[in-house]
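Visitor: Have a look at this one before I ask anything.
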Amino acid sequence: MIDSHKYSGCFLGLAIGDACGAPFEGGPVERLLWKAIGKTKNGKIRYTDDTQMSIDLASSFIQNKGVNQEHLAATFAKSYRWSRGYGPSAAWLLKKIKNGANWQDVNRAKFKEGSFGNGAAMRAPILAMCSPEDNDRLNENIEKCSEITHAHPLAVEGAKLIAFVTCAALHDWTTETILETLPTWCKSNEYQTKMAFCIKSIQASDAVQAKTLKSKLGNGIAASQSCVTAIYFALKYRNQIYDSMLTPIYKLGGDTDTIGAMAGAIWGAFNGYHAIDKSKIQSLESSAKIVEISEQLYAMSFN
Ligand code: F2R
Ligand code: MG
Ligand code: MG
């Protein structure tokens, strides 16, 4: 049985990786904006769309005792606020749903195959906590939850990779076993090539230079430019302290909050709640609510 603290570790790892990474995300304009809106009135650090959509996904799953696409789409749309820093296409789509559109009519309206952004992958760790013992259900849930906002095959494949590695971390798989299994989880050439480099780099004794990581794995908002990068960091730093993983992620630049969120969730699933610095947890907005939701997800899976 999985230790319950791995659930709160996973969710807080995601939220803190996101909130602490937000001031470093994107270019000068985004960074300046986050300087202005990055703290709550009582001085807590604000999380972004990555955590908001994860909370929405977990809450909808708890309320419906499973995935209900209509309810989930409405929940995402109800929570939408520009100040959480959503991706442009996701923002457009959620505003349409908020104004009465069916998600099926807008999820492929901007792009023929849907969005390939990392928006489905950044919330995928939650699905690993929803079905930790049932791979078929997990696979099906990822497809259903991704489709609403990120129907593109590369977005779904990225979400699966992040969820499967989170699930392996919840079950304490060895790094060796994860590295052996990772290639079987990659379907497209794009992910296969990146994963081969990721595996070699994790096995190497030295850390890879930031410039090389950026060019070989990526640091952008497309799922194929960020999911493997997050997996590299989570596995390379699994036995080191949380902050020592976040620092090089943020130095990489680009999609820092999302790579921090995905790597943070996997790291938290390995190491649990008690491995995260208490002052970091206290500095995050709504951290008590995040712990409470994690406990509810755990109760649904194991009680
Ligand atoms: N939006 C942000 N941050 C703003 C600054 C980003 C900065 N410019 C940077 O490059 O790092 N952060 C949040 O957005 C990301 C999650 O995005 P999500 O939900 O996947 O957004 P979206 O809008 O669906 O996709 C992102 C953009 O990718 C392009 N795109 C997607 N699918 C495409 C397709 N099939 N064809 C062509 N282009 C496609 C579009 O430009 C989309 O707007 C996270 O980082 C989150 O933190
Ligand atoms: Mg974000
Ligand atoms: Mg981001």
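Here, A, B, ... name the chains of the structure tokens in the order displayed, residue numbers run from 1 inside each chain, and ligands are numbered from 1 in the same displayed order.
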So that I can check the surroundings of Asp50 (chain A), please list as a list in words every protein, DNA and RNA residue that reaches within 8 Å of it, counting only C-alpha atoms and ignoring chain neighbours fewer than 3 positions away.
Guide: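 Here the answer would be Ala15, Asp18, Tyr47, Met53, Ser54, Gly119, Met122, Arg123, Asp257, Thr258 and Ala261 of chain A.
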Visitor: What residues have any atom no more than 7 Å from ligand 1 when counting only C-alpha atoms and all ligand atoms, and can you list them as a ChimeraX atom specification?
Guide: /A:25-27,30,48-50,85-91,111-120,149-150,152,220-222,254-255,257-258
Visitor: Find the residues around Ile290 (chain A) up to 9 Å (only C-alpha atoms counted), leave out those fewer than 6 positions away in its own chain, and share them as a tab-separated table (two decimals) with C-alpha atoms, in the first residue's frame.
Guide:
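For reference, result_29.tsv as written:
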chain	number	residue	atom	x	y	z
A	8	SER	CA	0.27	15.33	-0.14
A	11	PHE	CA	0.34	17.62	-4.81
A	12	LEU	CA	2.41	20.11	-2.79
A	15	ALA	CA	2.00	23.44	-6.45
A	55	ILE	CA	-7.21	21.39	-8.03
Visitor: Using DSSP assignments from the backbone, pull out every residue in region 75-298 of chain A that falls under alpha helix (DSSP H) and give it to me as number ranges by chain.
Guide: A: 75-79, 88-98, 103-106, 124-130, 135-147, 153-170, 175-185, 189-203, 210-216, 227-236, 242-252, 256-271, 278-283, 287-298
Visitor: Determine the nearest neighbour of ligand 2 from the options A:Cys227, A:Ala128, A:Ala196, A:Met262, counting only C-alpha atoms and all ligand atoms.
Guide: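 That would be A:Met262, the residue with the smallest distance to ligand 2.
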Visitor: When distances are computed from only C-alpha atoms and all ligand atoms, which of A:Leu297, A:Ala19, A:Ile2, A:Cys167 shows the smallest separation from ligand 2?
Guide: A:Ala19
Visitor: Given only C-alpha atoms and all ligand atoms as the basis, pick out the residue of A:Ala36, A:Ala73, A:Ala121, A:Ala275 nearest to ligand 2.
Guide: A:Ala121
Visitor: With distances taken over only C-alpha atoms and all ligand atoms, which of A:Ile259, A:Val291, A:Ile178, A:Leu127 is nearest to ligand 3?
Guide: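 Result for the nearest residue to ligand 3: A:Ile259.
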Visitor: For each of A:Lys160, A:Lys187, A:His5, A:Lys214, take the minimum atom-to-atom distance to Asn139 (chain A), counting only C-alpha atoms, then give the residue where this is smallest.
Guide: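 That would be A:Lys160, the residue with the smallest distance to Asn139 (chain A).
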Visitor: Quick one: everything within 10 Å of Leu213 (chain A), counting only C-alpha atoms, minus sequence neighbours fewer than 3 positions away in the same chain. Send it as a list in words.
Guide: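 So the residues in contact are Phe197, Cys198, Ser201, Ala207, Val208, Gln209, Ala210, Lys216, Leu217, Gly218, Asn219, Thr229, Tyr232 and Leu252 of chain A.
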Visitor: If you keep N, CA, C and O atoms, can you produce a file of those selected residues as a compact mmCIF listing (two decimals), in the first residue's frame?
Guide:
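The result, stored in again.txt:
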# COMPACT_ATOMS: atom_id res chain seq x y z
N PHE A 197 17.86 10.25 -25.05
CA PHE A 197 18.87 11.18 -24.51
C PHE A 197 18.70 11.36 -23.00
O PHE A 197 19.68 11.38 -22.24
N CYS A 198 17.45 11.43 -22.57
CA CYS A 198 17.14 11.60 -21.13
C CYS A 198 17.71 10.43 -20.33
O CYS A 198 18.36 10.61 -19.29
N SER A 201 21.44 10.49 -20.08
CA SER A 201 21.89 11.58 -19.20
C SER A 201 21.66 11.26 -17.73
O SER A 201 22.43 11.69 -16.86
N ALA A 207 26.20 15.98 -14.26
CA ALA A 207 24.95 16.67 -14.66
C ALA A 207 25.16 17.23 -16.07
O ALA A 207 26.27 17.59 -16.44
N VAL A 208 24.09 17.29 -16.84
CA VAL A 208 24.18 17.80 -18.21
C VAL A 208 24.10 19.33 -18.18
O VAL A 208 23.34 19.91 -17.40
N GLN A 209 24.89 19.98 -19.02
CA GLN A 209 24.88 21.46 -19.12
C GLN A 209 23.48 21.96 -19.51
O GLN A 209 22.81 21.33 -20.34
N ALA A 210 23.11 23.11 -18.96
CA ALA A 210 21.78 23.68 -19.25
C ALA A 210 21.57 23.87 -20.76
O ALA A 210 20.49 23.57 -21.28
N LYS A 216 18.46 19.63 -26.46
CA LYS A 216 18.11 18.21 -26.68
C LYS A 216 16.70 17.86 -26.16
O LYS A 216 16.00 17.07 -26.75
N LEU A 217 16.31 18.43 -25.01
CA LEU A 217 15.01 18.06 -24.42
C LEU A 217 13.98 19.19 -24.51
O LEU A 217 12.78 18.94 -24.59
N GLY A 218 14.46 20.44 -24.47
CA GLY A 218 13.55 21.59 -24.58
C GLY A 218 13.14 22.18 -23.24
O GLY A 218 13.30 21.56 -22.18
N ASN A 219 12.62 23.42 -23.31
CA ASN A 219 12.09 24.09 -22.11
C ASN A 219 10.87 24.96 -22.44
O ASN A 219 10.58 25.92 -21.77
N THR A 229 11.92 16.78 -20.18
CA THR A 229 12.82 17.61 -19.36
C THR A 229 12.45 17.45 -17.87
O THR A 229 13.34 17.28 -17.02
N TYR A 232 13.54 14.08 -16.63
CA TYR A 232 15.00 14.07 -16.41
C TYR A 232 15.32 14.63 -15.02
O TYR A 232 16.03 14.00 -14.23
N LEU A 252 17.09 27.20 -16.23
CA LEU A 252 16.91 26.82 -17.63
C LEU A 252 16.05 27.86 -18.38
O LEU A 252 16.15 28.01 -19.59
Visitor: Looking at only C-alpha atoms, which of A:Ala77, A:Ala163, A:Met129, A:Cys20 is the one that sits closest to Ser283 (chain A)?
Guide: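 Smallest separation from Ser283 (chain A) among the options: A:Cys20.
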Visitor: If you measure from CA of Thr51 (chain A) to CA of Tyr250 (chain A), what distance in Å do you get, rounded to one decimal?
Guide: 17.2 Å
